[in-house]
$ cat data_31.txt   # compact mmCIF, C-alpha atoms
# COMPACT_ATOMS: atom_id res chain seq x y z
CA MET A 1 0.00 0.00 0.00
CA THR A 2 1.41 3.38 -1.02
CA THR A 3 1.73 5.97 1.76
CA ALA A 4 0.18 9.35 0.99
CA PRO A 5 2.96 11.93 0.47
CA LEU A 6 1.70 14.20 3.27
CA ALA A 7 0.61 11.51 5.71
CA GLY A 8 1.19 12.61 9.29
CA LYS A 9 1.67 16.27 8.30
CA THR A 10 -0.35 19.22 9.61
CA ALA A 11 -1.25 22.26 7.51
CA LEU A 12 -2.82 25.67 8.05
CA VAL A 13 -4.52 27.46 5.15
CA THR A 14 -5.54 31.09 5.69
CA GLY A 15 -8.32 32.40 3.48
CA GLY A 16 -9.54 28.84 3.71
CA SER A 17 -13.16 29.58 2.80
CA GLY A 18 -12.23 31.14 -0.54
CA SER A 19 -12.19 29.17 -3.77
CA ILE A 20 -8.42 28.83 -3.95
CA GLY A 21 -8.05 28.32 -0.20
CA THR A 22 -10.65 25.56 -0.16
CA ALA A 23 -9.09 23.86 -3.18
CA CYS A 24 -5.65 24.02 -1.53
CA ALA A 25 -7.00 22.52 1.69
CA GLN A 26 -8.67 19.71 -0.25
CA ALA A 27 -5.53 18.95 -2.26
CA LEU A 28 -3.41 18.80 0.91
CA ALA A 29 -5.99 16.59 2.61
CA ALA A 30 -6.12 14.31 -0.43
CA ASP A 31 -2.36 13.84 -0.03
CA GLY A 32 -2.84 12.80 3.58
CA ALA A 33 -2.40 16.01 5.61
CA ARG A 34 -4.64 17.08 8.46
CA VAL A 35 -5.69 20.64 7.67
CA LEU A 36 -6.98 23.63 9.57
CA ILE A 37 -8.67 26.30 7.48
CA MET A 38 -8.93 29.86 8.75
CA GLY A 39 -11.22 32.62 7.51
CA ARG A 40 -13.25 35.50 8.86
CA ARG A 41 -16.70 33.91 8.58
CA GLY A 42 -17.53 30.76 10.50
CA GLU A 43 -20.47 29.86 8.28
CA ALA A 44 -18.33 30.02 5.14
CA LEU A 45 -15.65 27.89 6.80
CA GLN A 46 -18.25 25.28 7.70
CA ALA A 47 -19.42 25.23 4.08
CA SER A 48 -15.84 24.74 2.85
CA ARG A 49 -15.27 21.97 5.37
CA SER A 50 -18.48 20.24 4.27
CA LYS A 51 -17.42 20.46 0.63
CA ILE A 52 -14.04 18.90 1.36
CA MET A 53 -15.54 16.18 3.55
CA ALA A 54 -18.03 15.29 0.85
CA ALA A 55 -15.13 14.59 -1.50
CA LEU A 56 -12.83 13.10 1.16
CA PRO A 57 -14.94 11.53 3.95
CA SER A 58 -11.89 10.39 5.91
CA ALA A 59 -10.17 13.79 5.82
CA GLU A 60 -9.34 15.61 9.05
CA ILE A 61 -10.43 19.24 8.53
CA ALA A 62 -10.59 21.73 11.41
CA ILE A 63 -11.76 25.33 11.24
CA CYS A 64 -10.84 28.56 13.01
CA ALA A 65 -12.64 31.86 12.48
CA GLY A 66 -10.36 34.88 12.44
CA ASP A 67 -8.81 37.71 10.48
CA ALA A 68 -5.57 36.95 8.61
CA GLY A 69 -4.50 40.54 9.21
CA SER A 70 -4.66 40.12 13.00
CA GLU A 71 -1.58 38.79 14.77
CA GLU A 72 -3.78 37.62 17.64
CA ASP A 73 -6.16 35.70 15.37
CA VAL A 74 -3.41 34.15 13.27
CA GLY A 75 -1.48 33.16 16.37
CA ARG A 76 -4.58 31.46 17.74
CA ALA A 77 -5.12 29.57 14.47
CA LEU A 78 -1.49 28.49 14.36
CA GLN A 79 -1.64 27.16 17.90
CA GLN A 80 -4.86 25.30 17.12
CA ALA A 81 -3.32 23.76 13.99
CA HIS A 82 -0.17 22.79 15.90
CA SER A 83 -2.23 21.17 18.64
CA LEU A 84 -3.90 18.79 16.18
CA ALA A 85 -0.83 16.54 16.33
CA ASP A 86 1.80 18.60 18.16
CA ARG A 87 3.36 19.77 14.88
CA LEU A 88 3.01 22.28 12.05
CA ASP A 89 4.48 21.29 8.70
CA ILE A 90 2.73 23.29 6.00
CA LEU A 91 1.56 26.90 5.91
CA VAL A 92 -0.45 28.33 2.99
CA PRO A 93 -1.39 32.02 3.30
CA THR A 94 -3.89 32.62 0.49
CA VAL A 95 -5.42 35.96 1.50
CA GLY A 96 -5.04 38.75 -1.05
CA GLY A 97 -6.88 41.02 -3.41
CA SER A 98 -7.33 44.48 -4.87
CA GLY A 99 -9.74 46.73 -6.70
CA PHE A 100 -9.55 48.04 -10.26
CA ALA A 101 -8.71 51.74 -10.64
CA PRO A 102 -6.55 53.76 -13.07
CA PHE A 103 -3.35 54.92 -11.39
CA LEU A 104 -4.40 58.59 -11.37
CA SER A 105 -7.58 57.61 -9.53
CA THR A 106 -5.71 55.54 -6.94
CA SER A 107 -5.25 56.80 -3.39
CA VAL A 108 -2.65 56.23 -0.72
CA ALA A 109 -5.37 54.37 1.18
CA ASP A 110 -5.75 52.00 -1.80
CA LEU A 111 -2.02 51.29 -1.73
CA ARG A 112 -1.99 50.64 1.99
CA ARG A 113 -5.02 48.36 1.67
CA ASP A 114 -3.31 46.25 -0.97
CA LEU A 115 -0.01 46.10 0.89
CA ASP A 116 -1.89 44.85 3.94
CA LEU A 117 -3.96 42.34 1.98
CA ASN A 118 -1.15 40.89 -0.08
CA ILE A 119 2.00 41.31 2.04
CA THR A 120 1.08 41.89 5.67
CA THR A 121 -1.23 38.86 5.88
CA ALA A 122 1.52 36.61 4.50
CA PHE A 123 4.16 38.25 6.71
CA ILE A 124 2.11 37.61 9.86
CA ALA A 125 1.50 33.96 8.95
CA MET A 126 5.16 33.35 8.17
CA ARG A 127 6.57 35.30 11.10
CA LEU A 128 4.34 33.58 13.66
CA GLY A 129 4.24 30.20 11.92
CA ALA A 130 7.92 29.56 11.22
CA PRO A 131 8.89 29.18 14.90
CA LEU A 132 6.36 26.34 15.18
CA MET A 133 7.84 24.47 12.22
CA LYS A 134 10.77 22.07 12.15
CA ALA A 135 13.15 21.00 9.38
CA GLY A 136 11.12 19.81 6.42
CA GLY A 137 8.46 22.50 6.84
CA SER A 138 7.06 24.22 3.77
CA ILE A 139 5.46 27.65 3.37
CA ILE A 140 3.61 28.35 0.11
CA CYS A 141 2.27 31.82 -0.62
CA ILE A 142 -0.11 32.84 -3.40
CA SER A 143 1.33 35.52 -5.66
CA SER A 144 0.06 36.55 -9.11
CA THR A 145 1.29 37.04 -12.64
CA ALA A 146 0.72 40.72 -11.79
CA ALA A 147 3.98 40.49 -9.83
CA THR A 148 5.90 40.40 -13.11
CA LEU A 149 3.48 41.58 -15.82
CA PRO A 150 2.19 45.17 -15.85
CA PHE A 151 -1.58 45.27 -15.51
CA PRO A 152 -3.35 48.58 -16.25
CA ALA A 153 -5.70 49.59 -13.40
CA LEU A 154 -3.97 47.30 -10.93
CA SER A 155 -0.86 49.32 -10.03
CA THR A 156 -1.15 48.79 -6.28
CA TYR A 157 -1.88 45.09 -6.73
CA CYS A 158 1.14 44.67 -9.00
CA ALA A 159 3.34 46.49 -6.50
CA SER A 160 2.11 44.45 -3.55
CA LYS A 161 2.51 41.08 -5.27
CA ALA A 162 6.01 42.03 -6.45
CA GLY A 163 6.78 42.99 -2.85
CA LEU A 164 5.43 39.67 -1.64
CA GLU A 165 7.83 37.82 -3.92
CA GLY A 166 10.74 39.90 -2.63
CA LEU A 167 9.74 38.98 0.90
CA ILE A 168 9.50 35.30 -0.02
CA ARG A 169 13.01 35.20 -1.47
CA THR A 170 14.57 36.78 1.60
CA VAL A 171 12.59 34.67 4.07
CA ALA A 172 13.51 31.53 2.09
CA ASP A 173 17.18 32.50 2.30
CA GLU A 174 17.03 32.99 6.07
CA LEU A 175 14.86 29.98 6.92
CA GLY A 176 16.86 27.62 4.74
CA ALA A 177 19.29 27.12 7.63
CA LEU A 178 16.35 25.73 9.62
CA GLY A 179 15.31 23.38 6.84
CA ILE A 180 12.13 25.34 6.12
CA ARG A 181 11.29 26.00 2.48
CA VAL A 182 9.42 29.11 1.28
CA ASN A 183 7.92 29.37 -2.20
CA ALA A 184 4.96 30.85 -4.05
CA VAL A 185 2.55 29.96 -6.81
CA ARG A 186 1.83 32.74 -9.29
CA PRO A 187 -1.71 32.25 -10.71
CA GLY A 188 -2.93 33.71 -13.93
CA LEU A 189 -6.63 34.57 -14.26
CA THR A 190 -8.33 31.97 -12.07
CA ARG A 191 -12.00 31.50 -11.30
CA SER A 192 -12.83 32.69 -7.77
CA GLU A 193 -15.16 34.97 -5.86
CA ALA A 194 -12.82 37.90 -6.54
CA THR A 195 -12.85 37.32 -10.31
CA SER A 196 -16.54 36.49 -10.72
CA ASP A 197 -17.32 39.78 -12.49
CA MET A 198 -14.51 39.17 -14.98
CA PHE A 199 -15.69 35.64 -15.69
CA ALA A 200 -19.22 36.95 -16.24
CA ASP A 201 -18.02 39.12 -19.14
CA PRO A 202 -17.19 37.09 -22.29
CA ALA A 203 -15.35 40.05 -23.80
CA VAL A 204 -12.98 40.24 -20.82
CA ILE A 205 -12.35 36.51 -20.90
CA GLY A 206 -11.72 36.74 -24.64
CA ARG A 207 -9.01 39.35 -24.10
CA PHE A 208 -7.28 37.12 -21.58
CA LEU A 209 -7.49 34.07 -23.84
CA GLU A 210 -5.81 36.06 -26.63
CA GLN A 211 -2.80 36.32 -24.32
CA THR A 212 -2.91 32.72 -23.05
CA PRO A 213 -1.20 30.07 -25.21
CA LEU A 214 -3.16 27.18 -23.66
CA LYS A 215 -6.42 28.99 -24.40
CA ARG A 216 -8.24 28.48 -21.12
CA THR A 217 -8.57 30.27 -17.83
CA GLY A 218 -7.56 28.76 -14.51
CA GLU A 219 -9.57 26.82 -11.96
CA PRO A 220 -8.80 26.75 -8.23
CA GLU A 221 -7.72 23.13 -8.58
CA ASP A 222 -4.93 24.19 -10.97
CA ILE A 223 -3.42 26.36 -8.26
CA ALA A 224 -4.03 23.78 -5.54
CA ALA A 225 -2.11 21.13 -7.48
CA ALA A 226 0.95 23.38 -7.56
CA VAL A 227 0.59 24.13 -3.84
CA ALA A 228 0.42 20.40 -3.07
CA TYR A 229 3.61 19.85 -5.07
CA LEU A 230 5.44 22.58 -3.15
CA ALA A 231 4.19 21.14 0.14
CA GLY A 232 5.34 17.61 -0.66
CA PRO A 233 8.57 15.64 -0.80
CA GLY A 234 8.87 16.01 -4.56
CA SER A 235 9.90 19.66 -4.09
CA SER A 236 12.34 19.06 -1.23
CA TRP A 237 15.15 20.90 -3.07
CA VAL A 238 13.01 23.88 -4.12
CA THR A 239 12.96 27.13 -2.15
CA GLY A 240 12.77 30.86 -2.81
CA GLN A 241 10.84 30.32 -6.03
CA SER A 242 7.62 31.70 -7.46
CA PHE A 243 6.39 29.96 -10.56
CA ALA A 244 3.50 30.75 -12.84
CA VAL A 245 0.47 28.51 -13.17
CA ASP A 246 -1.18 30.56 -15.89
CA GLY A 247 -1.63 28.64 -19.12
CA GLY A 248 1.48 30.35 -20.47
CA GLN A 249 0.22 33.91 -20.12
CA GLU A 250 3.55 35.15 -18.80
CA LEU A 251 4.93 34.46 -22.27
CA ARG A 252 2.78 37.36 -23.45
CA ARG A 253 1.07 40.16 -21.51
CA ASN A 254 -1.95 41.21 -19.48
CA PRO A 255 -4.78 42.71 -21.51
CA ASP A 256 -5.53 46.41 -21.15
CA LEU A 257 -9.09 46.34 -19.80
CA LEU A 258 -9.20 50.15 -19.73
CA GLY A 259 -8.50 50.59 -23.42
CA ALA A 260 -9.14 48.76 -26.64
CA GLY A 261 -7.35 45.65 -25.40
$ encode --input "data_31.txt" --output "C-alpha cells"
Amino acid sequence: MTTAPLAGKTALVTGGSGSIGTACAQALAADGARVLIMGRRGEALQASRSKIMAALPSAEIAICAGDAGSEEDVGRALQQAHSLADRLDILVPTVGGSGFAPFLSTSVADLRRDLDLNITTAFIAMRLGAPLMKAGGSIICISSTAATLPFPALSTYCASKAGLEGLIRTVADELGALGIRVNAVRPGLTRSEATSDMFADPAVIGRFLEQTPLKRTGEPEDIAAAVAYLAGPGSSWVTGQSFAVDGGQELRRNPDLLGAG
C-alpha cells in the first residue's frame, strides 16, 4: 500500500473559505495532511469543510474563524493547527486582493489596503508560523502574474505582489538554515469569488485568452495542485521560487481592460 505523500503532516490554510483556499486545503488533505482552514466567517468555513468532507470523507479538517490581518487571530489559528498533532508542517497564506482603478484615480489608502492584503497577511502567517515548524516545513504563498506583468488599473496590486515575492526570497534565504522552504505559486486569471465579475463578461475573458497560449482560464484546482507539489517531498530541493500557473500567459502580456485591449 502506497503511503500518501503528506501523511502525518499538519497544515494551516488562511483564506480557507475562498475558492483557492478551499481547493488548496482539499488537495493537501487528499495527499494525507490534516488541515486547519482559517477565515473571517464561521459559516463560510463550515461550508468549505463540508465540501471537502463530501469529497474526502476520511479527511481531518478543522476550522478557526479569524482575520488573517490580526496577529492575535493568526497566532490562535497556528496554535490550534499545531495542537492537532503537536506539529506544524505546512503553511499556505492565500489571503489577497485588490480593486480596479486607473493609477491617477488611486489613493494612498488604496495602496496601503493592498499592501496589507497581499503582504502583511503573509508576513504575519510566516513570522508567527515559522517558529512552530521544524526542518522539512514548507510555506507556500499565493502571488500573481501581476507580480511580473504590468496590468493597467492594478498598479497597487502589481506592487504588492512584487513585494510579496521579494519577501518570499529573503525569508527563504534565512529559513533555509532551519530546513524550512518558502515558495509561491503565481496564478494567472483563475476562477474565484474575486474574479466572478470578470468571468461573467465574455469580452474580458476573450481578451485574456488572446494572451494565453493554452487557451483556457484557470480553476482553483490548478493552483491547488501546484501548492500540493510545493508542500510535498517532490519539491524538497526547491525554495525561494515563485512559478507561474497561468496557461502560459507570462509568455505574453496582461490585456488592457481600460482601453481597446
$ closest_residue --input "data_31.txt" --among "A:Leu104, A:Leu149, A:Ala68, A:Ile90" --to "Ile124 of chain A" --atoms "only C-alpha atoms"
A:Ala68
$ residues_around --input "data_31.txt" --residues "Arg186 of chain A" --least-positions-apart "2" --cutoff "12 Å" --atoms "only C-alpha atoms" --output "PyMOL selection string"
chain A and resi 94+140-149+158+161-162+164-165+183-184+188-190+218+222-224+226-227+241-250
$ residues_around --input "data_31.txt" --residues "segment 21-26 of chain A" --least-positions-apart "5" --cutoff "6 Å" --atoms "all atoms listed in the file" --output "short mmCIF file (atom, residue, chain, number, x, y, z; two decimals) with C-alpha atoms, in the frame of the given file"
data_model
loop_
_atom_site.label_atom_id
_atom_site.label_comp_id
_atom_site.auth_asym_id
_atom_site.auth_seq_id
_atom_site.Cartn_x
_atom_site.Cartn_y
_atom_site.Cartn_z
CA GLY A 15 -8.32 32.40 3.48
CA GLY A 16 -9.54 28.84 3.71
CA ILE A 52 -14.04 18.90 1.36
CA PRO A 220 -8.80 26.75 -8.23
CA GLU A 221 -7.72 23.13 -8.58
CA ALA A 224 -4.03 23.78 -5.54
#
$ residues_around --input "data_31.txt" --residues "segment 72-82 of chain A" --least-positions-apart "6" --cutoff "8 Å" --atoms "only C-alpha atoms" --output "list in words"
Thr10, Ala11, Leu12, Val35, Leu36, Met38, Ala62, Cys64, Gly66, Leu88, Ile124, Ala125, Leu128, Gly129 and Leu132 of chain A
$ residues_around --input "data_31.txt" --residues "Asp116 of chain A" --least-positions-apart "3" --cutoff "12 Å" --atoms "all atoms listed in the file" --output "ChimeraX atom specification"
/A:67-70,95-98,109-113,119-124,156-157,159-161,163-164
$ closest_residue --input "data_31.txt" --among "A:Glu43, A:Asp256, A:Asp31, A:Asp89" --to "Ile139 of chain A" --atoms "only C-alpha atoms"
A:Asp89
$ residues_around --input "data_31.txt" --residues "Ala135 of chain A" --least-positions-apart "2" --cutoff "10 Å" --atoms "only C-alpha atoms" --output "compact mmCIF listing (two decimals) with C-alpha atoms, in the coordinates of the input"
# COMPACT_ATOMS: atom_id res chain seq x y z
CA ASP A 89 4.48 21.29 8.70
CA MET A 133 7.84 24.47 12.22
CA GLY A 137 8.46 22.50 6.84
CA SER A 138 7.06 24.22 3.77
CA LEU A 175 14.86 29.98 6.92
CA GLY A 176 16.86 27.62 4.74
CA ALA A 177 19.29 27.12 7.63
CA LEU A 178 16.35 25.73 9.62
CA GLY A 179 15.31 23.38 6.84
CA ILE A 180 12.13 25.34 6.12
CA ARG A 181 11.29 26.00 2.48
$ atom_distance --input "data_31.txt" --atom1 "atom CA of Leu209 of chain A" --atom2 "atom CA of Asn118 of chain A"
25.5 Å
$ atom_distance --input "data_31.txt" --atom1 "atom CA of Ile63 of chain A" --atom2 "atom CA of Gln46 of chain A"
7.4 Å
$ atom_distance --input "data_31.txt" --atom1 "atom CA of Glu71 of chain A" --atom2 "atom CA of Tyr229 of chain A"
27.9 Å
$ closest_residue --input "data_31.txt" --among "A:Lys9, A:Leu84, A:Ile205, A:Leu167" --to "Val182 of chain A" --atoms "only C-alpha atoms"
A:Leu167
$ closest_residue --input "data_31.txt" --among "A:Met126, A:Ile37, A:Ile20, A:Leu154" --to "Val185 of chain A" --atoms "only C-alpha atoms"
A:Ile20
$ closest_residue --input "data_31.txt" --among "A:Asp201, A:Ala228, A:Ala194, A:Pro255" --to "Gly32 of chain A" --atoms "all atoms listed in the file"
A:Ala228
$ axis_aligned_box --input "data_31.txt" --around "segment 64-80 of chain A" --padding-each-side "5 Å" --output "AutoDock Vina command-line options"
--center_x -7.1 --center_y 32.9 --center_z 13.3 --size_x 21.2 --size_y 25.2 --size_z 19.3
